[in-house]
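Below is one structure, written out as structure tokens, with a few remarks after it.
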2 protein chains.
Amino acid sequence: MTHPIIESLLWRHTTKKYDASKKIPEEELKVLFEAMRLSPSSINSQPWRFVVIESDEARQRMSRTFAHKYQFNQAHVFDSSQIILFAHKPRYTRDDFAKVVDRGIADKRIKQEDRDKAFAIFGFAESNTDETGDTSNWTKAQTYLALGNTLHTLARLKIDSTALEGIDADLVNEEFKKELGDYRCEVALAIGYHHPDEDYNAKLPKSRHSLNSVLVRI
Amino acid sequence: MTHPIIESLLWRHTTKKYDASKKIPEEELKVLFEAMRLSPSSINSQPWRFVVIESDEARQRMSRTFAHKYQFNQAHVFDSSQIILFAHKPRYTRDDFAKVVDRGIADKRIKQEDRDKAFAIFGFAESNTDETGDTSNWTKAQTYLALGNTLHTLARLKIDSTALEGIDADLVNEEFKKELGDYRCEVALAIGYHHPDEDYNAKLPKSRHSLNSVLVRI
């Protein structure tokens with residue numbers, strides 16, 4: 001099948017070694033960040049925070065979080081162009097949604113007089129809140145939706161990437177406590193350009209289950 | 001900012017009323033399904049199943065699942081071109097991953113003699129399995145990643161869509177038990193073309209938090 005969308009998705013791969021000499025141009029980062037901001041989410045909840053690690057100091061801090069495990073991902077900290085922490089809100093509340101509503105009013109999407117009515121859909125958050133007030137299962141899913149949108153965006157920009165569940169989440173959340181606030185990071189994303197010789201995954205064929213085994217039309 | 005990627009993301013919106021007279025051409029569905037199949041996931045786990053509802057009989061069955069709630073979404077069942085159930089595997093096991101490895105061997109991504117070694121990364125699944133064997137939090141997140149990839153794909157194809165958490169998950173899983181098997185659906189996706197007059201959301205401006213409030217560069 002030949003189609004620009006399929007070309008994008010066949011082009012991308014999980015980069016295993018970055019070329020430290022290449023950094024992403026600022027104008028492309030701007031497109032990427034704007035695309036991330038525009039990610040869709042249930043009831044427009046946007047229950048995420050993105051922390052972009054790029055300074056030498058921030059890289060040193062990120063590097064320290066590999067003290068105990070996943071050291072095979074540590075080189076990305078210095079070789080990639082940026083590492084982005086994708087964090088979700090474990091306790092998404094009515095106050096969080098009020099910010100969405102008020103932003104909707106500012107953007108002229110919601111009329112001021114309809115403010116109260118706009119909270120009706122907050123029931124979706126409530127039905128995803130457990131007895132302890134935890135919304136992680138729902139907000140983490142939304143944040144992965146944003147990650148899926150981001151990976152597709154990167155493929156269109158021809159920027160390489162590595163989604164990293166291989167991080168020490170506890171250490172990352174401790175080290176970046178100030179920047180993450182009450183958001184929790186369980187996945188990061190390295191972005192940049194793959195090493196021309198040493199990225200073994202660039203040369204391997206992509207593998208996926210057959211369409212028949214994952215999709216049924218009824 | 002003017003860029004094809006930003007144009008795609010500004011173009012898309014959550015459709016609230018479909019034009020029942022328009023259906024998606026088969027060749028575009030093929031691109032869509034292939035893009036869904038190519039979605040990335042942690043350790044290439046692909047812990048998903050997609051059930052595409054399009055026949056009159058399947059639509060009748062889907063319609064019945066709105067008996068108790070979310071009736072405001074019921075019209076999409078008949079007006080949209082297709083409704084796709086996005087389902088994740090609540091218990092992802094070593095046997096599931098064995099299918100990924102064997103497919104990798106068939107696709108010449110993994111050498112037969114490296115089959116055992118290929119299971120090393122299964123630790124990511126294990127560390128996301130709770131004491132009861134439940135992997136939902138992890139597999140659901142991967143399935144939302146595929147949903148994010150799908151929504152971006154649809155925007156590129158200029159096909160409208162509605163991500164539907166507003167489904168009665170228990171009734172949907174009961175009604176489509178045969179097709180879903182041991183996968184669980186908590187989100188569906190209506191696709192098609194929005195009604196030229198009656199889709200109020202097509203006319204409203206998009207609203208998102210400001211970049212500064214969701215992203216920090218350090």
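The way I read the labels, and the way they are meant: chains A, B, ... in the order of the structure tokens, residue 1 as the first residue of every chain, and ligand 1 as the first ligand shown, with later ones counted on from there.
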Chain B residues near chain A (7 Å cut-off, only C-alpha atoms) as a CSV table (one decimal) with all heavy atoms, in the first residue's frame:
```csv
chain,number,residue,atom,x,y,z
B,5,ILE,N,1.0,20.0,9.7
B,5,ILE,CA,0.6,19.2,10.9
B,5,ILE,C,-0.4,20.0,11.8
B,5,ILE,O,-1.4,19.5,12.3
B,5,ILE,CB,1.9,18.9,11.7
B,5,ILE,CG1,2.7,17.9,10.9
B,5,ILE,CG2,1.6,18.4,13.1
B,5,ILE,CD1,4.1,17.6,11.4
B,6,ILE,N,-0.1,21.3,11.9
B,6,ILE,CA,-1.0,22.1,12.8
B,6,ILE,C,-2.3,22.3,12.1
B,6,ILE,O,-3.4,22.3,12.7
B,6,ILE,CB,-0.3,23.5,13.0
B,6,ILE,CG1,1.1,23.3,13.7
B,6,ILE,CG2,-1.2,24.4,13.9
B,6,ILE,CD1,1.0,22.4,15.0
B,9,LEU,N,-4.4,19.3,12.8
B,9,LEU,CA,-4.9,19.2,14.2
B,9,LEU,C,-5.9,20.3,14.5
B,9,LEU,O,-6.8,20.1,15.3
B,9,LEU,CB,-3.7,19.2,15.2
B,9,LEU,CG,-2.8,18.0,15.1
B,9,LEU,CD1,-1.6,18.2,15.9
B,9,LEU,CD2,-3.6,16.8,15.6
B,35,ALA,N,-2.9,1.9,9.1
B,35,ALA,CA,-2.3,2.9,10.1
B,35,ALA,C,-2.6,2.4,11.5
B,35,ALA,O,-1.7,2.5,12.4
B,35,ALA,CB,-2.8,4.3,9.8
B,37,ARG,N,-3.0,-0.7,12.5
B,37,ARG,CA,-2.2,-1.9,12.6
B,37,ARG,C,-0.8,-1.5,12.9
B,37,ARG,O,-0.1,-2.2,13.7
B,37,ARG,CB,-2.3,-2.7,11.4
B,37,ARG,CG,-1.6,-4.1,11.5
B,37,ARG,CD,-1.7,-4.9,10.2
B,37,ARG,NE,-0.7,-4.4,9.2
B,37,ARG,CZ,0.6,-5.0,9.1
B,37,ARG,NH1,0.9,-6.0,9.8
B,37,ARG,NH2,1.4,-4.5,8.2
B,38,LEU,N,-0.3,-0.4,12.3
B,38,LEU,CA,1.1,0.0,12.5
B,38,LEU,C,1.4,0.8,13.8
B,38,LEU,O,2.5,1.3,14.0
B,38,LEU,CB,1.6,0.8,11.2
B,38,LEU,CG,1.7,0.0,10.0
B,38,LEU,CD1,1.9,0.9,8.8
B,38,LEU,CD2,2.8,-1.0,10.1
B,48,TRP,N,-4.1,-5.1,21.7
B,48,TRP,CA,-5.4,-4.5,21.3
B,48,TRP,C,-6.2,-5.4,20.4
B,48,TRP,O,-5.6,-6.3,19.7
B,48,TRP,CB,-5.2,-3.1,20.7
B,48,TRP,CG,-4.1,-3.0,19.7
B,48,TRP,CD1,-3.9,-3.8,18.6
B,48,TRP,CD2,-2.9,-2.2,19.8
B,48,TRP,NE1,-2.8,-3.4,17.9
B,48,TRP,CE2,-2.1,-2.4,18.6
B,48,TRP,CE3,-2.5,-1.2,20.6
B,48,TRP,CZ2,-1.0,-1.8,18.3
B,48,TRP,CZ3,-1.3,-0.5,20.4
B,48,TRP,CH2,-0.5,-0.8,19.2
B,49,ARG,N,-7.5,-5.1,20.3
B,49,ARG,CA,-8.3,-5.6,19.2
B,49,ARG,C,-9.3,-4.5,18.8
B,49,ARG,O,-9.8,-3.8,19.6
B,49,ARG,CB,-9.1,-6.9,19.7
B,49,ARG,CG,-10.0,-7.5,18.7
B,49,ARG,CD,-10.5,-8.8,19.0
B,49,ARG,NE,-9.4,-9.8,19.0
B,49,ARG,CZ,-9.6,-11.1,19.4
B,49,ARG,NH1,-10.8,-11.5,19.7
B,49,ARG,NH2,-8.6,-11.9,19.3
B,50,PHE,N,-9.5,-4.5,17.5
B,50,PHE,CA,-10.4,-3.5,16.9
B,50,PHE,C,-11.6,-4.2,16.3
B,50,PHE,O,-11.4,-5.0,15.4
B,50,PHE,CB,-9.6,-2.7,15.8
B,50,PHE,CG,-8.3,-2.1,16.3
B,50,PHE,CD1,-7.1,-2.5,15.7
B,50,PHE,CD2,-8.2,-1.2,17.3
B,50,PHE,CE1,-5.9,-2.0,16.1
B,50,PHE,CE2,-7.0,-0.7,17.8
B,50,PHE,CZ,-5.8,-1.1,17.2
B,51,VAL,N,-12.8,-3.8,16.7
B,51,VAL,CA,-14.0,-4.4,16.1
B,51,VAL,C,-14.7,-3.3,15.4
B,51,VAL,O,-15.2,-2.3,16.0
B,51,VAL,CB,-14.9,-5.0,17.2
B,51,VAL,CG1,-16.2,-5.6,16.6
B,51,VAL,CG2,-14.1,-6.1,18.0
B,52,VAL,N,-14.8,-3.4,14.1
B,52,VAL,CA,-15.4,-2.4,13.2
B,52,VAL,C,-16.9,-2.7,13.0
B,52,VAL,O,-17.2,-3.8,12.3
B,52,VAL,CB,-14.7,-2.3,11.9
B,52,VAL,CG1,-15.3,-1.2,11.0
B,52,VAL,CG2,-13.2,-2.1,12.1
B,53,ILE,N,-17.8,-1.9,13.4
B,53,ILE,CA,-19.2,-2.1,13.3
B,53,ILE,C,-19.7,-1.4,12.1
B,53,ILE,O,-19.6,-0.1,12.0
B,53,ILE,CB,-19.9,-1.6,14.6
B,53,ILE,CG1,-19.5,-2.5,15.8
B,53,ILE,CG2,-21.4,-1.6,14.5
B,53,ILE,CD1,-19.8,-2.0,17.1
B,54,GLU,N,-20.2,-2.1,11.1
B,54,GLU,CA,-20.7,-1.4,9.9
B,54,GLU,C,-21.9,-2.1,9.3
B,54,GLU,O,-22.7,-1.4,8.6
B,54,GLU,CB,-19.6,-1.3,8.9
B,54,GLU,CG,-18.9,-2.7,8.6
B,54,GLU,CD,-17.6,-2.5,7.7
B,54,GLU,OE1,-17.3,-1.4,7.3
B,54,GLU,OE2,-16.9,-3.5,7.5
B,55,SER,N,-22.2,-3.3,9.5
B,55,SER,CA,-23.4,-3.9,8.9
B,55,SER,C,-24.7,-3.5,9.7
B,55,SER,O,-24.6,-3.0,10.8
B,55,SER,CB,-23.3,-5.5,9.0
B,55,SER,OG,-23.4,-5.9,10.4
B,58,ALA,N,-24.9,-5.4,12.9
B,58,ALA,CA,-24.0,-5.0,14.0
B,58,ALA,C,-24.4,-3.6,14.6
B,58,ALA,O,-24.3,-3.4,15.8
B,58,ALA,CB,-22.6,-4.9,13.4
B,103,ARG,N,5.9,-13.6,15.4
B,103,ARG,CA,5.6,-12.8,14.3
B,103,ARG,C,6.9,-12.0,13.9
B,103,ARG,O,7.2,-11.8,12.7
B,103,ARG,CB,4.5,-11.8,14.6
B,103,ARG,CG,4.1,-10.8,13.6
B,103,ARG,CD,3.3,-11.4,12.4
B,103,ARG,NE,3.2,-10.4,11.3
B,103,ARG,CZ,2.5,-10.6,10.3
B,103,ARG,NH1,1.8,-11.7,10.1
B,103,ARG,NH2,2.4,-9.7,9.3
B,104,GLY,N,7.7,-11.6,14.9
B,104,GLY,CA,8.9,-10.9,14.6
B,104,GLY,C,9.9,-11.8,13.9
B,104,GLY,O,10.7,-11.4,13.0
B,107,ASP,N,8.7,-12.0,10.3
B,107,ASP,CA,8.9,-10.8,9.6
B,107,ASP,C,10.4,-10.5,9.5
B,107,ASP,O,10.8,-9.4,9.0
B,107,ASP,CB,8.3,-9.6,10.4
B,107,ASP,CG,6.8,-9.6,10.2
B,107,ASP,OD1,6.3,-10.1,9.2
B,107,ASP,OD2,6.1,-9.0,11.0
B,108,LYS,N,11.3,-11.5,9.9
B,108,LYS,CA,12.7,-11.4,9.8
B,108,LYS,C,13.3,-10.2,10.6
B,108,LYS,O,14.3,-9.7,10.4
B,108,LYS,CB,13.2,-11.3,8.4
B,108,LYS,CG,12.7,-12.5,7.5
B,108,LYS,CD,13.5,-12.6,6.3
B,108,LYS,CE,12.9,-13.7,5.4
B,108,LYS,NZ,12.8,-15.0,6.0
B,109,ARG,N,12.6,-9.9,11.7
B,109,ARG,CA,13.1,-8.9,12.6
B,109,ARG,C,13.9,-9.5,13.7
B,109,ARG,O,14.8,-9.0,14.3
B,109,ARG,CB,11.9,-8.2,13.3
B,109,ARG,CG,12.2,-7.1,14.2
B,109,ARG,CD,11.0,-6.3,14.8
B,109,ARG,NE,11.5,-5.5,15.8
B,109,ARG,CZ,12.1,-4.3,15.6
B,109,ARG,NH1,12.3,-3.9,14.4
B,109,ARG,NH2,12.5,-3.6,16.7
B,137,ASN,N,-4.1,-1.4,33.4
B,137,ASN,CA,-3.6,0.0,33.4
B,137,ASN,C,-2.5,0.2,32.3
B,137,ASN,O,-2.5,1.3,31.6
B,137,ASN,CB,-2.9,0.3,34.8
B,137,ASN,CG,-2.6,1.7,35.0
B,137,ASN,OD1,-1.5,2.2,34.6
B,137,ASN,ND2,-3.4,2.4,35.6
B,140,LYS,N,-4.4,-0.7,28.5
B,140,LYS,CA,-5.3,0.3,28.2
B,140,LYS,C,-4.6,1.5,27.7
B,140,LYS,O,-4.9,2.2,26.7
B,140,LYS,CB,-6.2,0.7,29.4
B,140,LYS,CG,-7.2,1.8,29.1
B,140,LYS,CD,-8.1,2.1,30.2
B,140,LYS,CE,-9.0,3.3,30.0
B,140,LYS,NZ,-10.0,3.6,31.0
B,141,ALA,N,-3.5,1.9,28.4
B,141,ALA,CA,-2.7,3.0,27.9
B,141,ALA,C,-2.1,2.8,26.5
B,141,ALA,O,-2.2,3.7,25.7
B,141,ALA,CB,-1.5,3.2,28.9
B,142,GLN,N,-1.6,1.6,26.2
B,142,GLN,CA,-1.1,1.3,24.9
B,142,GLN,C,-2.3,1.5,23.8
B,142,GLN,O,-2.0,2.0,22.7
B,142,GLN,CB,-0.6,-0.1,24.7
B,142,GLN,CG,0.4,-0.5,25.8
B,142,GLN,CD,1.6,0.4,26.0
B,142,GLN,OE1,2.1,1.0,25.0
B,142,GLN,NE2,2.0,0.7,27.2
B,144,TYR,N,-4.8,3.4,24.0
B,144,TYR,CA,-5.1,4.9,23.8
B,144,TYR,C,-4.0,5.5,23.0
B,144,TYR,O,-4.2,6.4,22.2
B,144,TYR,CB,-5.2,5.6,25.2
B,144,TYR,CG,-6.6,5.6,25.7
B,144,TYR,CD1,-7.3,4.5,26.2
B,144,TYR,CD2,-7.4,6.8,25.7
B,144,TYR,CE1,-8.6,4.5,26.6
B,144,TYR,CE2,-8.7,6.9,26.2
B,144,TYR,CZ,-9.3,5.7,26.6
B,144,TYR,OH,-10.6,5.8,27.1
B,145,LEU,N,-2.8,5.0,23.1
B,145,LEU,CA,-1.7,5.4,22.2
B,145,LEU,C,-2.1,5.1,20.7
B,145,LEU,O,-2.0,6.0,19.9
B,145,LEU,CB,-0.4,4.7,22.6
B,145,LEU,CG,0.9,5.3,22.0
B,145,LEU,CD1,2.1,4.8,22.8
B,145,LEU,CD2,1.1,5.1,20.6
B,146,ALA,N,-2.6,3.9,20.5
B,146,ALA,CA,-3.1,3.6,19.2
B,146,ALA,C,-4.3,4.5,18.8
B,146,ALA,O,-4.4,5.0,17.6
B,146,ALA,CB,-3.6,2.1,19.1
B,147,LEU,N,-5.1,4.9,19.7
B,147,LEU,CA,-6.2,5.8,19.5
B,147,LEU,C,-5.7,7.2,19.1
B,147,LEU,O,-6.2,7.8,18.1
B,147,LEU,CB,-7.1,5.9,20.7
B,147,LEU,CG,-8.4,6.8,20.6
B,147,LEU,CD1,-9.3,6.4,19.5
B,147,LEU,CD2,-9.1,6.8,22.0
B,148,GLY,N,-4.7,7.6,19.7
B,148,GLY,CA,-4.0,8.9,19.4
B,148,GLY,C,-3.5,8.9,18.0
B,148,GLY,O,-3.6,9.9,17.2
B,149,ASN,N,-2.8,7.8,17.6
B,149,ASN,CA,-2.3,7.6,16.3
B,149,ASN,C,-3.4,7.6,15.3
B,149,ASN,O,-3.3,8.2,14.2
B,149,ASN,CB,-1.5,6.3,16.2
B,149,ASN,CG,-0.9,6.0,14.8
B,149,ASN,OD1,-0.3,6.9,14.2
B,149,ASN,ND2,-1.2,4.8,14.3
B,152,HIS,N,-5.0,11.1,14.7
B,152,HIS,CA,-4.1,12.0,13.8
B,152,HIS,C,-4.2,11.5,12.3
B,152,HIS,O,-4.3,12.3,11.4
B,152,HIS,CB,-2.6,11.9,14.3
B,152,HIS,CG,-1.8,13.0,13.7
B,152,HIS,ND1,-1.0,13.8,14.5
B,152,HIS,CD2,-1.6,13.4,12.4
B,152,HIS,CE1,-0.4,14.7,13.7
B,152,HIS,NE2,-0.7,14.4,12.4
B,153,THR,N,-4.3,10.2,12.2
B,153,THR,CA,-4.4,9.6,10.8
B,153,THR,C,-5.7,10.1,10.2
B,153,THR,O,-5.8,10.5,9.0
B,153,THR,CB,-4.5,8.1,10.9
B,153,THR,OG1,-3.2,7.6,11.4
B,153,THR,CG2,-4.7,7.4,9.6
B,204,LEU,N,-17.7,25.7,16.5
B,204,LEU,CA,-17.1,26.3,17.7
B,204,LEU,C,-15.5,26.3,17.6
B,204,LEU,O,-14.9,25.4,17.0
B,204,LEU,CB,-17.5,25.5,18.9
B,204,LEU,CG,-18.9,25.5,19.3
B,204,LEU,CD1,-19.2,24.6,20.5
B,204,LEU,CD2,-19.4,26.9,19.7
B,205,PRO,N,-15.0,27.4,18.1
B,205,PRO,CA,-13.5,27.5,18.1
B,205,PRO,C,-12.9,26.4,19.0
B,205,PRO,O,-13.5,26.0,20.0
B,205,PRO,CB,-13.2,28.8,18.7
B,205,PRO,CG,-14.4,29.3,19.4
B,205,PRO,CD,-15.6,28.6,18.8
B,206,LYS,N,-11.7,25.9,18.6
B,206,LYS,CA,-11.0,24.9,19.5
B,206,LYS,C,-10.5,25.6,20.7
B,206,LYS,O,-10.2,26.8,20.7
B,206,LYS,CB,-9.9,24.3,18.7
B,206,LYS,CG,-9.3,23.1,19.3
B,206,LYS,CD,-8.2,22.4,18.4
B,206,LYS,CE,-8.9,21.7,17.2
B,206,LYS,NZ,-9.8,20.6,17.7
B,207,SER,N,-10.4,24.9,21.8
B,207,SER,CA,-9.9,25.5,23.0
B,207,SER,C,-8.9,24.5,23.7
B,207,SER,O,-9.2,23.3,23.8
B,207,SER,CB,-11.0,25.8,24.0
B,207,SER,OG,-10.5,26.3,25.2
B,208,ARG,N,-7.7,25.1,24.0
B,208,ARG,CA,-6.7,24.3,24.7
B,208,ARG,C,-6.0,25.2,25.7
B,208,ARG,O,-6.0,26.4,25.5
B,208,ARG,CB,-5.7,23.7,23.8
B,208,ARG,CG,-6.1,22.6,22.8
B,208,ARG,CD,-6.4,21.3,23.5
B,208,ARG,NE,-6.7,20.3,22.5
B,208,ARG,CZ,-7.9,20.1,21.9
B,208,ARG,NH1,-8.9,20.8,22.2
B,208,ARG,NH2,-8.0,19.1,21.0
B,209,HIS,N,-5.5,24.6,26.8
B,209,HIS,CA,-4.7,25.4,27.7
B,209,HIS,C,-3.5,26.0,26.9
B,209,HIS,O,-3.1,25.5,25.9
B,209,HIS,CB,-4.1,24.5,28.8
B,209,HIS,CG,-5.1,24.0,29.8
B,209,HIS,ND1,-6.0,24.9,30.4
B,209,HIS,CD2,-5.4,22.8,30.3
B,209,HIS,CE1,-6.8,24.3,31.3
B,209,HIS,NE2,-6.5,23.0,31.2
B,211,LEU,N,0.3,27.0,26.0
B,211,LEU,CA,1.5,26.1,26.0
B,211,LEU,C,2.3,26.3,27.3
B,211,LEU,O,2.7,25.3,27.9
B,211,LEU,CB,2.4,26.5,24.8
B,211,LEU,CG,3.6,25.5,24.5
B,211,LEU,CD1,3.1,24.1,24.2
B,211,LEU,CD2,4.5,26.0,23.4
B,214,VAL,N,1.1,23.9,30.1
B,214,VAL,CA,1.2,22.5,30.0
B,214,VAL,C,2.6,22.0,29.7
B,214,VAL,O,2.9,20.8,29.9
B,214,VAL,CB,0.2,21.9,29.0
B,214,VAL,CG1,-1.2,22.1,29.3
B,214,VAL,CG2,0.5,22.4,27.6
B,215,LEU,N,3.5,22.9,29.3
B,215,LEU,CA,4.8,22.5,28.9
B,215,LEU,C,5.9,23.4,29.5
B,215,LEU,O,5.7,24.6,29.4
B,215,LEU,CB,4.9,22.5,27.4
B,215,LEU,CG,6.2,21.9,26.7
B,215,LEU,CD1,5.9,21.1,25.4
B,215,LEU,CD2,7.2,23.1,26.4
B,216,VAL,N,6.9,22.8,30.0
B,216,VAL,CA,8.0,23.6,30.6
B,216,VAL,C,9.3,23.1,30.0
B,216,VAL,O,9.5,21.9,29.9
B,216,VAL,CB,8.0,23.6,32.1
B,216,VAL,CG1,8.1,22.2,32.7
B,216,VAL,CG2,9.1,24.5,32.7
B,217,ARG,N,10.2,24.0,29.6
B,217,ARG,CA,11.5,23.6,29.0
B,217,ARG,C,12.6,23.9,30.1
B,217,ARG,O,12.6,25.0,30.6
B,217,ARG,CB,11.8,24.3,27.7
B,217,ARG,CG,10.8,24.1,26.7
B,217,ARG,CD,11.0,24.9,25.4
B,217,ARG,NE,12.2,24.5,24.7
B,217,ARG,CZ,12.5,24.9,23.4
B,217,ARG,NH1,11.7,25.7,22.8
B,217,ARG,NH2,13.6,24.5,22.8
B,218,ILE,N,13.4,22.9,30.4
B,218,ILE,CA,14.4,23.1,31.5
B,218,ILE,C,15.7,22.6,31.0
B,218,ILE,O,15.9,21.9,30.1
B,218,ILE,CB,14.0,22.4,32.8
B,218,ILE,CG1,13.9,20.9,32.6
B,218,ILE,CG2,12.8,22.9,33.4
B,218,ILE,CD1,13.8,20.1,33.9
```
Fill in: Residue contacts of Phe119 of chain A (9 Å, only C-alpha atoms) excluding same-chain residues fewer than 5 positions away, as a PyMOL selection string
chain A and resi 94+97-98+101
Discussion item. Could you list, as a ChimeraX atom specification, every residue within 7 Å of segment 68-74 of chain A, counting only C-alpha atoms and ignoring same-chain residues fewer than 5 positions away?
Written reply: /A:63,166-168
File of the preceding selection, N, CA and C atoms, as an mmCIF file, in the first residue's frame:
```cif
data_model
loop_
_atom_site.group_PDB
_atom_site.id
_atom_site.type_symbol
_atom_site.label_atom_id
_atom_site.label_comp_id
_atom_site.auth_asym_id
_atom_site.auth_seq_id
_atom_site.Cartn_x
_atom_site.Cartn_y
_atom_site.Cartn_z
ATOM 1 N N SER A 63 20.061 12.034 34.077
ATOM 2 C CA SER A 63 21.033 10.938 34.055
ATOM 3 C C SER A 63 21.097 10.234 35.417
ATOM 4 N N GLY A 166 11.062 2.564 29.994
ATOM 5 C CA GLY A 166 12.264 2.116 30.697
ATOM 6 C C GLY A 166 12.944 3.249 31.430
ATOM 7 N N ILE A 167 12.206 3.841 32.364
ATOM 8 C CA ILE A 167 12.754 4.869 33.264
ATOM 9 C C ILE A 167 12.407 4.436 34.684
ATOM 10 N N ASP A 168 13.175 4.902 35.639
ATOM 11 C CA ASP A 168 12.897 4.620 37.043
ATOM 12 C C ASP A 168 11.898 5.685 37.501
#
```
Worksheet item: By how many Å are atom CA of Lys22 of chain A and atom CA of Tyr200 of chain A apart?
Response: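 Interatomic distance, atom CA of Lys22 of chain A to atom CA of Tyr200 of chain A: 18.1 Å.
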Worksheet entry | Computed interatomic separation between atom CA of Gly192 of chain B and atom CA of Phe176 of chain B (Å) |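 Interatomic distance here is 21.7 Å.
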Practice prompt. Work out how far atom CA of Gly133 of chain A is from atom CA of His88 of chain A, in Å to one decimal.
Written response: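 Atom CA of Gly133 of chain A lies at a distance of 14.4 Å from atom CA of His88 of chain A.
Around Ile191 of chain B, within 10 Å and counting only C-alpha atoms, the residues found are Thr15, Tyr18, Lys23, Ile24, His76, Val77, Asp79, Ser80, Ser81, Gln82, Ile83, Ile84, Leu151, Leu154, Ile159, Asp160, Ser161, Thr162 and Ala163 of chain B, once anything fewer than 6 positions away on its own chain is removed.
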Item to complete: Compile the contact shell of Thr135 of chain A as a PyMOL selection string: residues with an atom at most 7 Å away, counting only C-alpha atoms, same-chain residues fewer than 6 positions apart removed.
Response: chain A and resi 90-92+128-129
Practice prompt. Enumerate, as a count of residues only, the complete set of residues in segment 4-165 of chain B that a backbone-based DSSP assignment places in helix (DSSP H, G or I).
Written response: 87
Discussion item. DSSP on the backbone, strand (DSSP E) only: what residues of segment 5-199 of chain A does that give? Format it as a PyMOL selection string.
Written reply: chain A and resi 48-53+82-88+160-164+184-192
